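One structure is given here, and the rest of the page talks about it.
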Amino acid sequence: MKAVLLDGFGGREVLKLGKIETPSAVEGQVLIRVMATSVNRADIVQREGNYPPPKGDSEILGLEVAGTIEALGPGVSGWKRGDRVMSLVGGGGYAGYAVAYANHLISIPEAMSFEQAACICETYITAYLNVFMIGGLKDHESVLLHGGGGGVNSAAVQLCKSLVPTAKVVVTASPQKVERVKQLGADLVIDYKVQDFAEEVKAYTDNKGVDVILDHIGAKYLAPNMAALASKGRLVVIGVMGGAKAELNIGLMMVKRLQLIGSVLRARPVAEKARITAEFTKIVLPKLADRTLVPLIHATLSLDDVAKAHEMMEAGTHFGNIVLRVASDK
Ligand SMILES: NC(=O)c1ccc[n+]([C@@H]2O[C@H](COP(=O)([O-])OP(=O)(O)OC[C@H]3O[C@@H](n4cnc5c(N)ncnc54)[C@H](OP(=O)(O)O)[C@@H]3O)[C@@H](O)[C@H]2O)c1
């Protein structure tokens with residue numbers, strides 16, 4: 001099968017299109033003919049050599065796929081060859097075929113294209129897991145989401161407005177993305193390049209602060225995030241784009257009774273990801289199926305243009321998701 005291979009770790013020049021053996025579905029897995037996958041920030045970190053796949057998962061980049069079932073592994077029932085599915089994968093998305101656990105599969109709704117389906121699992125499930133299942137955002141609370149034009153965070157803005165319409169949604173963005181984030185429904189958008197987001201949050205919430213923060217900046221934002229949290233606030237950290245080591249004000253954490261929670265999706269055990277997928281399928285999929293929620297696709301490129309797709313993400317000019325078309329059913 002064709003696949004994007006890594007010729008060492010480093011810049012975009014290490015991405016090489018090549019041919020390798022098609023994987024086989026083992027117990028509990030299916031083999032998917034990949035029609036589309038998407039580019040996530042983690043792919044770039046993995047390409048650079050700083051995010052190895054969990055043990056047993058494919059070394060090939062790509063954390064989510066959409067396609068058709070090609071073959072069922074031993075012990076799989078309830079699915080058949082040809083079914084249109086999307087799935088999280090621990091790796092292996094940038095390839096003609098990928099294996100996925102049957103209990104991670106989500107049936108693609110009829111009106112949804114493979115390209116749209118390819119940018120749901122990693123982004124919407126991450127946003128749902130961390131803002132709702134872990135962060136526990138509730139009616140009449142407020143949430144701060146950083147970088148609202150990115151894949152995960154544009155999904156998070158949409159989910160917050162759709163699942164908890166009474167919540168106040170505050171979002172940071174670079175100046176050129178502020179207007180589009182407002183159009184997604186954010187109640188307040190802060191230009192993080194020039195404004196002090198902690199001060200803006202305090203002014204907006206009458207000094208109370210927000211109840212939940214979804215953060216992927218890490219060290220650089222730890223202190224301002226804690227300042228922006230309300231009493232009993234929950235800070236869920238899912239990335240370290242701004243560094244991994246910071247000084248923690250434990251006193252402030254105690255006085256405000258804050259919860260600081262780190263979270264990753266990829267490294268969770270199969271059964272845990274299955275439970276998360278099942279809840280996501282029950283709560284969020286109907287909204288994607290009836291198009292209340294529509295994934296934002298910035299660009300769709302061919303797998304051959306993978307370096308261009310990475311360049312786009314690294315430049316940060318995208319709004320929403322960058323999709324790679326792998327095969328075509330036409
Ligand atoms: N832990 C997990 O399970 C998990 C799962 C998925 C993703 N993630 C992490 O989530 C993050 C987003 O991933 P993605 O694939 O959605 O990437 P992405 O599309 O490139 O989004 C990154 C966003 O970060 C924003 N940003 C950069 N610097 C910022 C700053 N100083 N303040 C506020 N926003 C800033 C960018 O906004 P502008 O373009 O407006 O500057 C961009 O919208 C990554 O760190 C990724 O590793 C974690």
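So you can find residues: chains in the structure tokens are A, B, ... in the order shown, residues in each start at 1, and ligands are numbered from 1 in order.
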
Practice item. Give the residues close to ligand 1, within 6 Å, counting only C-alpha atoms and all ligand atoms; write them as a ChimeraX atom specification. Key: /A:40-42,122,126,146-153,172-174,177,192,216,238-241,263-265,313,316

Exercise for review: Please return as JSON, numbers by chain: the residues of segment 66-266 of chain A that backbone DSSP assigns to helix (DSSP H, G or I).
Suggested key: {"A": [102, 103, 104, 114, 115, 116, 117, 121, 122, 123, 124, 125, 126, 127, 128, 129, 130, 131, 132, 133, 134, 151, 152, 153, 154, 155, 156, 157, 158, 159, 160, 161, 162, 163, 175, 176, 177, 178, 179, 180, 181, 182, 183, 197, 198, 199, 200, 201, 202, 203, 204, 219, 220, 221, 222, 223, 224, 225, 226, 227, 228, 250, 251, 252, 253, 254, 255]}

**Study point:** Which residue of A:Val26, A:Val210, A:Met35, A:Leu303 approaches Leu5 of chain A most closely, using only C-alpha atoms
**Key:**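 The closest residue to Leu5 of chain A is A:Leu303.
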
Leaving out Val4 of chain A and any residue of its chain fewer than 2 positions from it, which residues lie within 12 Å of it when counting only C-alpha atoms, given as a short mmCIF file (atom, residue, chain, number, x, y, z; two decimals) with N, CA and C atoms, in the first residue's frame?
data_model
loop_
_atom_site.label_atom_id
_atom_site.label_comp_id
_atom_site.auth_asym_id
_atom_site.auth_seq_id
_atom_site.Cartn_x
_atom_site.Cartn_y
_atom_site.Cartn_z
N MET A 1 0.85 -1.19 0.00
CA MET A 1 0.00 0.00 0.00
C MET A 1 0.89 1.24 0.00
N LYS A 2 0.29 2.38 -0.46
CA LYS A 2 1.07 3.63 -0.38
C LYS A 2 0.97 4.19 1.04
N LEU A 6 8.67 8.22 7.08
CA LEU A 6 9.59 9.23 7.61
C LEU A 6 11.02 8.81 7.33
N ASP A 7 11.75 9.68 6.64
CA ASP A 7 13.16 9.42 6.37
C ASP A 7 13.95 10.11 7.49
N ARG A 12 9.96 19.17 7.09
CA ARG A 12 9.03 18.57 6.12
C ARG A 12 9.74 17.69 5.10
N GLU A 13 11.06 17.91 4.93
CA GLU A 13 11.82 17.13 3.94
C GLU A 13 11.90 15.65 4.30
N VAL A 14 11.61 15.28 5.55
CA VAL A 14 11.69 13.85 5.91
C VAL A 14 10.43 13.07 5.49
N LEU A 15 9.41 13.79 5.04
CA LEU A 15 8.17 13.12 4.62
C LEU A 15 8.36 12.54 3.22
N LYS A 16 8.25 11.24 3.08
CA LYS A 16 8.47 10.61 1.77
C LYS A 16 7.31 9.68 1.45
N LEU A 17 6.74 9.83 0.28
CA LEU A 17 5.68 8.89 -0.12
C LEU A 17 6.35 7.59 -0.56
N GLY A 18 5.89 6.46 -0.04
CA GLY A 18 6.52 5.19 -0.40
C GLY A 18 5.51 4.07 -0.39
N LYS A 19 6.01 2.84 -0.44
CA LYS A 19 5.13 1.66 -0.42
C LYS A 19 5.57 0.77 0.72
N ILE A 20 4.62 0.28 1.50
CA ILE A 20 4.94 -0.72 2.52
C ILE A 20 3.83 -1.77 2.55
N THR A 37 -7.78 11.37 5.59
CA THR A 37 -7.26 11.49 6.95
C THR A 37 -7.06 12.99 7.17
N ASP A 43 0.97 15.50 14.59
CA ASP A 43 1.71 14.85 13.49
C ASP A 43 3.04 15.57 13.27
N ARG A 47 6.64 13.99 13.64
CA ARG A 47 7.61 14.08 12.52
C ARG A 47 8.96 14.61 13.02
N SER A 58 0.91 1.90 14.95
CA SER A 58 1.70 2.15 13.74
C SER A 58 2.62 3.35 13.93
N GLU A 59 3.80 3.24 13.29
CA GLU A 59 4.78 4.35 13.32
C GLU A 59 4.40 5.42 12.30
N ILE A 60 3.46 5.08 11.42
CA ILE A 60 3.07 6.03 10.37
C ILE A 60 2.25 7.16 11.00
N LEU A 61 2.43 8.38 10.50
CA LEU A 61 1.67 9.52 11.02
C LEU A 61 0.18 9.36 10.72
N GLY A 62 -0.63 10.12 11.45
CA GLY A 62 -2.07 10.15 11.17
C GLY A 62 -2.88 9.53 12.27
N GLY A 91 -2.04 5.60 15.22
CA GLY A 91 -1.10 5.99 14.17
C GLY A 91 -1.55 5.29 12.90
N GLY A 92 -0.95 5.67 11.77
CA GLY A 92 -1.21 4.93 10.54
C GLY A 92 -2.21 5.56 9.59
N GLY A 93 -2.67 6.77 9.87
CA GLY A 93 -3.69 7.40 9.01
C GLY A 93 -3.19 7.83 7.65
N TYR A 94 -1.90 8.20 7.54
CA TYR A 94 -1.36 8.70 6.27
C TYR A 94 -1.00 7.51 5.37
N ALA A 95 -1.97 6.67 5.06
CA ALA A 95 -1.67 5.45 4.30
C ALA A 95 -2.93 4.96 3.60
N GLY A 96 -2.73 4.10 2.62
CA GLY A 96 -3.87 3.56 1.86
C GLY A 96 -4.82 2.72 2.70
N TYR A 97 -4.26 2.03 3.70
CA TYR A 97 -5.07 1.19 4.59
C TYR A 97 -4.59 1.41 6.03
N SER A 302 -4.15 16.38 -1.62
CA SER A 302 -3.89 14.96 -1.87
C SER A 302 -2.78 14.49 -0.92
N LEU A 303 -2.77 13.20 -0.63
CA LEU A 303 -1.72 12.64 0.24
C LEU A 303 -0.32 12.96 -0.34
N ASP A 304 -0.24 13.05 -1.67
CA ASP A 304 1.04 13.39 -2.32
C ASP A 304 1.54 14.76 -1.88
N ASP A 305 0.61 15.63 -1.48
CA ASP A 305 0.98 16.99 -1.08
C ASP A 305 1.09 17.14 0.43
N VAL A 306 1.46 16.05 1.10
CA VAL A 306 1.51 16.06 2.56
C VAL A 306 2.46 17.15 3.09
N ALA A 307 3.58 17.39 2.40
CA ALA A 307 4.52 18.41 2.89
C ALA A 307 3.88 19.79 2.85
N LEU A 324 -6.36 15.41 4.23
CA LEU A 324 -5.58 14.75 3.17
C LEU A 324 -6.48 13.71 2.51
N VAL A 326 -6.88 10.50 0.49
CA VAL A 326 -5.97 9.37 0.28
C VAL A 326 -6.41 8.55 -0.94
#

Review point. Which residues come within 12 Å of Leu184 of chain A, counting only C-alpha atoms, excluding same-chain residues fewer than 3 positions away, as a PyMOL selection string?
Key: chain A and resi 148-149+153-162+169-171+177-181+187-189+293-296+319-320

File dump, residues just selected, N, CA and C atoms, as a short mmCIF file (atom, residue, chain, number, x, y, z; two decimals), in the first residue's frame:
data_model
loop_
_atom_site.label_atom_id
_atom_site.label_comp_id
_atom_site.auth_asym_id
_atom_site.auth_seq_id
_atom_site.Cartn_x
_atom_site.Cartn_y
_atom_site.Cartn_z
N GLY A 148 -8.91 29.73 19.01
CA GLY A 148 -10.20 29.26 18.47
C GLY A 148 -10.22 28.96 16.99
N GLY A 149 -9.15 29.29 16.27
CA GLY A 149 -9.13 28.99 14.83
C GLY A 149 -8.50 27.64 14.53
N ASN A 153 -9.76 23.50 18.72
CA ASN A 153 -10.46 24.59 19.41
C ASN A 153 -11.63 25.17 18.64
N SER A 154 -11.60 25.10 17.30
CA SER A 154 -12.80 25.51 16.56
C SER A 154 -13.92 24.50 16.85
N ALA A 155 -13.54 23.23 16.98
CA ALA A 155 -14.53 22.21 17.35
C ALA A 155 -15.06 22.48 18.76
N ALA A 156 -14.16 22.88 19.66
CA ALA A 156 -14.58 23.15 21.04
C ALA A 156 -15.57 24.32 21.11
N VAL A 157 -15.33 25.36 20.33
CA VAL A 157 -16.25 26.51 20.32
C VAL A 157 -17.63 26.02 19.87
N GLN A 158 -17.65 25.27 18.77
CA GLN A 158 -18.92 24.76 18.25
C GLN A 158 -19.64 23.88 19.28
N LEU A 159 -18.88 22.99 19.91
CA LEU A 159 -19.49 22.07 20.89
C LEU A 159 -20.07 22.82 22.08
N CYS A 160 -19.32 23.79 22.59
CA CYS A 160 -19.79 24.54 23.77
C CYS A 160 -21.10 25.26 23.45
N LYS A 161 -21.14 25.92 22.29
CA LYS A 161 -22.35 26.68 21.94
C LYS A 161 -23.52 25.73 21.70
N SER A 162 -23.23 24.55 21.20
CA SER A 162 -24.30 23.63 20.84
C SER A 162 -24.80 22.82 22.05
N VAL A 169 -18.88 31.62 26.36
CA VAL A 169 -17.70 31.06 25.71
C VAL A 169 -16.72 32.18 25.34
N VAL A 170 -15.58 32.18 26.00
CA VAL A 170 -14.54 33.18 25.76
C VAL A 170 -13.41 32.48 25.02
N VAL A 171 -12.89 33.12 23.98
CA VAL A 171 -11.90 32.45 23.12
C VAL A 171 -10.75 33.41 22.82
N LYS A 177 -7.85 36.01 12.92
CA LYS A 177 -8.88 34.97 13.08
C LYS A 177 -10.02 35.40 14.00
N VAL A 178 -9.89 36.60 14.59
CA VAL A 178 -10.88 37.04 15.59
C VAL A 178 -12.30 37.05 15.02
N GLU A 179 -12.47 37.64 13.83
CA GLU A 179 -13.82 37.77 13.27
C GLU A 179 -14.46 36.41 13.01
N ARG A 180 -13.66 35.49 12.46
CA ARG A 180 -14.21 34.15 12.15
C ARG A 180 -14.58 33.40 13.42
N VAL A 181 -13.81 33.60 14.49
CA VAL A 181 -14.16 32.92 15.74
C VAL A 181 -15.46 33.50 16.29
N ASP A 187 -18.76 34.24 22.62
CA ASP A 187 -19.35 35.43 23.24
C ASP A 187 -18.33 36.56 23.36
N LEU A 188 -17.08 36.20 23.56
CA LEU A 188 -16.02 37.21 23.62
C LEU A 188 -14.78 36.62 22.98
N VAL A 189 -14.17 37.36 22.06
CA VAL A 189 -12.92 36.89 21.45
C VAL A 189 -11.81 37.87 21.81
N LEU A 293 -23.89 20.64 13.65
CA LEU A 293 -22.45 20.88 13.72
C LEU A 293 -21.84 20.45 12.39
N VAL A 294 -21.07 21.36 11.79
CA VAL A 294 -20.40 21.01 10.53
C VAL A 294 -18.90 21.25 10.71
N PRO A 295 -18.09 20.19 10.51
CA PRO A 295 -16.65 20.37 10.69
C PRO A 295 -16.10 21.42 9.72
N LEU A 296 -15.19 22.22 10.21
CA LEU A 296 -14.62 23.28 9.38
C LEU A 296 -13.40 22.74 8.63
N PHE A 319 -7.73 27.83 9.21
CA PHE A 319 -8.84 28.02 10.15
C PHE A 319 -9.66 26.73 10.11
N GLY A 320 -9.58 25.96 11.17
CA GLY A 320 -10.25 24.65 11.18
C GLY A 320 -9.26 23.56 10.80
#

Check your understanding: Suppose you want the space between atom CA of Ala127 of chain A and atom CA of Ala271 of chain A; what is it in Å?
Key ->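 Computing the Euclidean distance for atom CA of Ala127 of chain A and atom CA of Ala271 of chain A yields 19.1 Å.
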
Exercise for review: Quote the spacing between atom CA of Ala198 of chain A and atom CA of Pro224 of chain A in Å to one decimal place.
Suggested key: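 We find that atom CA of Ala198 of chain A and atom CA of Pro224 of chain A lie 5.4 Å from each other.
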
Practice item. Compare A:Val323, A:Ile250, A:Ala267, A:Leu145 by their minimum atom-to-atom distance to Tyr51 of chain A, counting only C-alpha atoms, and give me the closest one. Key: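 Using only C-alpha atoms, Tyr51 of chain A sits closest to A:Ala267.
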
Point to revise | Expected answer as number ranges by chain: strand (DSSP E or B) residues in segment 31-96 of chain A | key: A: 31-39, 64-72, 84-88, 95

Save the residues we just selected, C-alpha atoms, as a PDB file, in the first residue's frame?
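Below is the file that was written, part.pdb:
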ATOM      1  CA  LEU A  31      -8.857  -3.022   8.231  1.00  0.00           C
ATOM      2  CA  ILE A  32     -10.043   0.270   6.738  1.00  0.00           C
ATOM      3  CA  ARG A  33      -9.473   1.420   3.172  1.00  0.00           C
ATOM      4  CA  VAL A  34      -8.567   5.014   3.959  1.00  0.00           C
ATOM      5  CA  MET A  35     -10.372   7.601   1.845  1.00  0.00           C
ATOM      6  CA  ALA A  36      -9.264  10.611   3.887  1.00  0.00           C
ATOM      7  CA  THR A  37      -7.259  11.493   6.952  1.00  0.00           C
ATOM      8  CA  SER A  38      -6.392  14.824   8.479  1.00  0.00           C
ATOM      9  CA  VAL A  39      -3.368  16.723   9.666  1.00  0.00           C
ATOM     10  CA  GLU A  64      -7.762   9.568  12.488  1.00  0.00           C
ATOM     11  CA  VAL A  65      -9.195   8.054   9.345  1.00  0.00           C
ATOM     12  CA  ALA A  66     -12.393   7.920   7.322  1.00  0.00           C
ATOM     13  CA  GLY A  67     -13.010   5.205   4.788  1.00  0.00           C
ATOM     14  CA  THR A  68     -14.664   1.857   4.168  1.00  0.00           C
ATOM     15  CA  ILE A  69     -14.175  -1.415   5.982  1.00  0.00           C
ATOM     16  CA  GLU A  70     -12.041  -3.736   3.878  1.00  0.00           C
ATOM     17  CA  ALA A  71     -11.782  -6.727   6.236  1.00  0.00           C
ATOM     18  CA  LEU A  72     -12.845  -7.799   9.707  1.00  0.00           C
ATOM     19  CA  ARG A  84     -18.470   3.743   5.835  1.00  0.00           C
ATOM     20  CA  VAL A  85     -16.630   4.455   9.072  1.00  0.00           C
ATOM     21  CA  MET A  86     -14.462   7.008  10.822  1.00  0.00           C
ATOM     22  CA  SER A  87     -12.106   6.196  13.670  1.00  0.00           C
ATOM     23  CA  LEU A  88      -9.360   7.292  15.978  1.00  0.00           C
ATOM     24  CA  ALA A  95      -1.666   5.449   4.297  1.00  0.00           C
TER      25      ALA A  95
END

Review point. Leaving out Gln259 of chain A and any residue of its chain fewer than 5 positions from it, which residues lie within 12 Å of it when counting only C-alpha atoms, given as number ranges by chain?
Key: A: 134-136, 211-213, 225-226, 229-237, 250, 252-254

Exercise for review: Figure out the distance between atom CA of Cys119 of chain A and atom CA of His310 of chain A, please, to one decimal in Å.
Suggested key: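 For atom CA of His310 of chain A relative to atom CA of Cys119 of chain A, the distance reads 15.2 Å.
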
Review point. Using only C-alpha atoms, which residue out of A:Phe9, A:Phe197, A:Tyr128, A:Phe114 lies closest to Val164 of chain A?
Key: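 Nearest candidate to Val164 of chain A out of A:Phe9, A:Phe197, A:Tyr128, A:Phe114: A:Tyr128.
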
Exercise for review: Compare A:Gln195, A:Asn103, A:Asn249, A:Thr166 by their minimum atom-to-atom distance to Ser77 of chain A, counting only C-alpha atoms, and give me the closest one.
Suggested key: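 Ranked by minimum distance to Ser77 of chain A, first place goes to A:Asn103.
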